[in-house]
Amino acid sequence: MTETELAALLRTWLSQDRGRMRALELAQQCAQMHTLPQWCLAAGFVRNLVWDKLHDIKQRPLNDIDLIYYCPLDTRPERDRAIEAYLQTLAPDLPWSVKNQARMHLNNQDNPYQSTHDAMCYWPEQETAVAVYLEHMPNTESSVVDNLQLIAPFGLSSLFALQLTHNPKRALAVFEQRIATKNWLKQYPRLSLANDLS
């Protein structure tokens, strides 16, 4: 399948997932209320949906919802905590995590990131660097699928190929530690490492 076809399939899967659509609608409401530029729900929110589908795993509860955005004008951690608190009032049953990507370069000792997309280009495994956001609230004039916009700096092919690919912008040890601690290879036995890590 082409990247366009994979993106269409992914948007369809997202639109059919009630839990994820609820989270997206709440995140969009929050983004409007708190003025969150370049917001999206990222990482396992999208990645795990693909892996679950390709492993015939029935819908599981979301164990982490990463809302990321990019706002260099206010990078205080307290702002992210306040946004998380707001999301908890909207949906206390959901595990929200909010991170302004304009600040995250400090944790990783990188040069300042220029956008949400740029920040995702530094994530340890390429298949995690995929995100989705709602462009508009669904209405009668446009379908839900049309409103789902994807951000995937490394594309979707390796994600759908069930690969784990080390991002050379991050230390290999970080990549290997994440694989070990996340237990992905046991949870998803069809995953394979795309790189020769020896």
# chains A, B, ... in the order shown; residues from 1 in each chain; ligands from 1
call {"tool": "residues_around", "arguments": {"residues": "A:Ser115", "least_positions_apart": "5", "cutoff": "12 Å", "atoms": "only C-alpha atoms", "output": "JSON, numbers by chain"}}
result
{"A": [37, 38, 39, 40, 68, 69, 70, 71, 72, 100, 101, 102, 103, 104, 105, 120, 121, 122, 151, 153]}
call {"tool": "residues_around", "arguments": {"residues": "A:Ala91", "least_positions_apart": "2", "cutoff": "12 Å", "atoms": "only C-alpha atoms", "output": "ChimeraX atom specification"}}
result
/A:19,22-27,29-30,65,84-89,93-96
call {"tool": "closest_atom_pairs", "arguments": {"of": "stretch 18-137 of chain A", "to": "stretch 160-182 of chain A", "cutoff": "8 Å", "atoms": "only C-alpha atoms", "output": "Markdown table"}}
result
| residue | atom | partner | partner_atom | distance |
| --- | --- | --- | --- | --- |
| A:Val50 | CA | A:Phe160 | CA | 6.8 |
| A:Trp51 | CA | A:Leu162 | CA | 7.0 |
| A:Leu54 | CA | A:Phe160 | CA | 7.8 |
| A:Tyr122 | CA | A:Lys169 | CA | 5.7 |
| A:Trp123 | CA | A:Asn167 | CA | 6.9 |
| A:Pro124 | CA | A:Asn167 | CA | 5.3 |
| A:Glu125 | CA | A:His166 | CA | 4.8 |
| A:Gln126 | CA | A:Thr165 | CA | 5.6 |
| A:Glu127 | CA | A:Leu164 | CA | 6.4 |
call {"tool": "write_last_selection", "arguments": {"atoms": "N, CA and C atoms", "output": "PDB file, in the first residue's frame"}}
result
ATOM      1  N   VAL A  50      -2.544   0.822  15.558  1.00  0.00           N
ATOM      2  CA  VAL A  50      -2.081   0.075  14.385  1.00  0.00           C
ATOM      3  C   VAL A  50      -1.575  -1.300  14.804  1.00  0.00           C
ATOM      4  N   TRP A  51      -0.741  -1.348  15.824  1.00  0.00           N
ATOM      5  CA  TRP A  51      -0.208  -2.641  16.266  1.00  0.00           C
ATOM      6  C   TRP A  51      -1.323  -3.572  16.748  1.00  0.00           C
ATOM      7  N   LEU A  54      -3.228  -4.932  13.682  1.00  0.00           N
ATOM      8  CA  LEU A  54      -2.440  -5.895  12.905  1.00  0.00           C
ATOM      9  C   LEU A  54      -2.145  -7.174  13.685  1.00  0.00           C
ATOM     10  N   TYR A 122      12.820  13.794  16.630  1.00  0.00           N
ATOM     11  CA  TYR A 122      13.876  13.404  17.567  1.00  0.00           C
ATOM     12  C   TYR A 122      13.452  12.253  18.478  1.00  0.00           C
ATOM     13  N   TRP A 123      12.272  11.708  18.300  1.00  0.00           N
ATOM     14  CA  TRP A 123      11.799  10.641  19.189  1.00  0.00           C
ATOM     15  C   TRP A 123      12.594   9.356  18.948  1.00  0.00           C
ATOM     16  N   PRO A 124      12.809   8.539  19.980  1.00  0.00           N
ATOM     17  CA  PRO A 124      13.761   7.425  19.893  1.00  0.00           C
ATOM     18  C   PRO A 124      13.465   6.372  18.834  1.00  0.00           C
ATOM     19  N   GLU A 125      12.186   6.036  18.624  1.00  0.00           N
ATOM     20  CA  GLU A 125      11.873   5.084  17.558  1.00  0.00           C
ATOM     21  C   GLU A 125      10.922   5.770  16.570  1.00  0.00           C
ATOM     22  N   GLN A 126      11.177   5.538  15.312  1.00  0.00           N
ATOM     23  CA  GLN A 126      10.457   6.269  14.270  1.00  0.00           C
ATOM     24  C   GLN A 126       8.961   5.959  14.272  1.00  0.00           C
ATOM     25  N   GLU A 127       8.577   4.756  14.636  1.00  0.00           N
ATOM     26  CA  GLU A 127       7.175   4.357  14.576  1.00  0.00           C
ATOM     27  C   GLU A 127       6.320   5.028  15.651  1.00  0.00           C
TER      28      GLU A 127
END
call {"tool": "residues_around", "arguments": {"residues": "A:Val46", "least_positions_apart": "4", "cutoff": "9 Å", "atoms": "only C-alpha atoms", "output": "list in words"}}
result
Leu10, Leu14, Arg20, Leu41, Ala42, Val50, Trp51, Thr128, Val130, Ala131 and Val132 of chain A
call {"tool": "write_last_selection", "arguments": {"atoms": "C-alpha atoms", "output": "PDB file, in the first residue's frame"}}
result
ATOM      1  CA  LEU A  10      -5.384   4.782   9.625  1.00  0.00           C
ATOM      2  CA  LEU A  14      -9.274   6.114  14.201  1.00  0.00           C
ATOM      3  CA  ARG A  20      -9.961   7.607  20.640  1.00  0.00           C
ATOM      4  CA  LEU A  41      -2.454  13.300  20.232  1.00  0.00           C
ATOM      5  CA  ALA A  42       0.689  11.317  19.593  1.00  0.00           C
ATOM      6  CA  VAL A  50      -2.081   0.075  14.385  1.00  0.00           C
ATOM      7  CA  TRP A  51      -0.208  -2.641  16.266  1.00  0.00           C
ATOM      8  CA  THR A 128       6.228   6.284  17.716  1.00  0.00           C
ATOM      9  CA  VAL A 130       3.002   9.597  14.530  1.00  0.00           C
ATOM     10  CA  ALA A 131       0.155  11.826  15.683  1.00  0.00           C
ATOM     11  CA  VAL A 132      -3.380  12.885  14.862  1.00  0.00           C
TER      12      VAL A 132
END
call {"tool": "select_by_dssp", "arguments": {"residues": "chain A", "states": "helix (DSSP H, G or I)", "output": "MDAnalysis selection string"}}
result
chainID A and resid 3:15 18:34 44:54 77:90 105:108 116:120 126:128 144:147 157:160 172:182 184:187
call {"tool": "atom_distance", "arguments": {"atom1": "atom CA of A:Arg11", "atom2": "atom CA of A:Leu134"}}
result
10.7 Å
call {"tool": "closest_residue", "arguments": {"among": "A:Gln149, A:Thr116, A:Leu73, A:Leu185", "to": "A:Ala8", "atoms": "only C-alpha atoms"}}
result
A:Gln149
call {"tool": "closest_residue", "arguments": {"among": "A:Gln109, A:Asn63, A:Thr35, A:Ser15", "to": "A:Asn48", "atoms": "only C-alpha atoms"}}
result
A:Asn63
call {"tool": "select_by_dssp", "arguments": {"residues": "stretch 97-174 of chain A", "states": "strand (DSSP E)", "output": "list in words"}}
result
Ser97, Val98, Lys99, Asn100, Ala131, Val132, Tyr133, Leu134, Leu148, Gln149, Leu150, Ile151, Gln163 and Leu164 of chain A
call {"tool": "closest_residue", "arguments": {"among": "A:Lys99, A:Arg18, A:His55, A:Arg47", "to": "A:Pro189", "atoms": "only C-alpha atoms"}}
result
A:His55
call {"tool": "closest_residue", "arguments": {"among": "A:Ala7, A:Thr75, A:Ala82, A:Trp13", "to": "A:Leu106", "atoms": "only C-alpha atoms"}}
result
A:Thr75
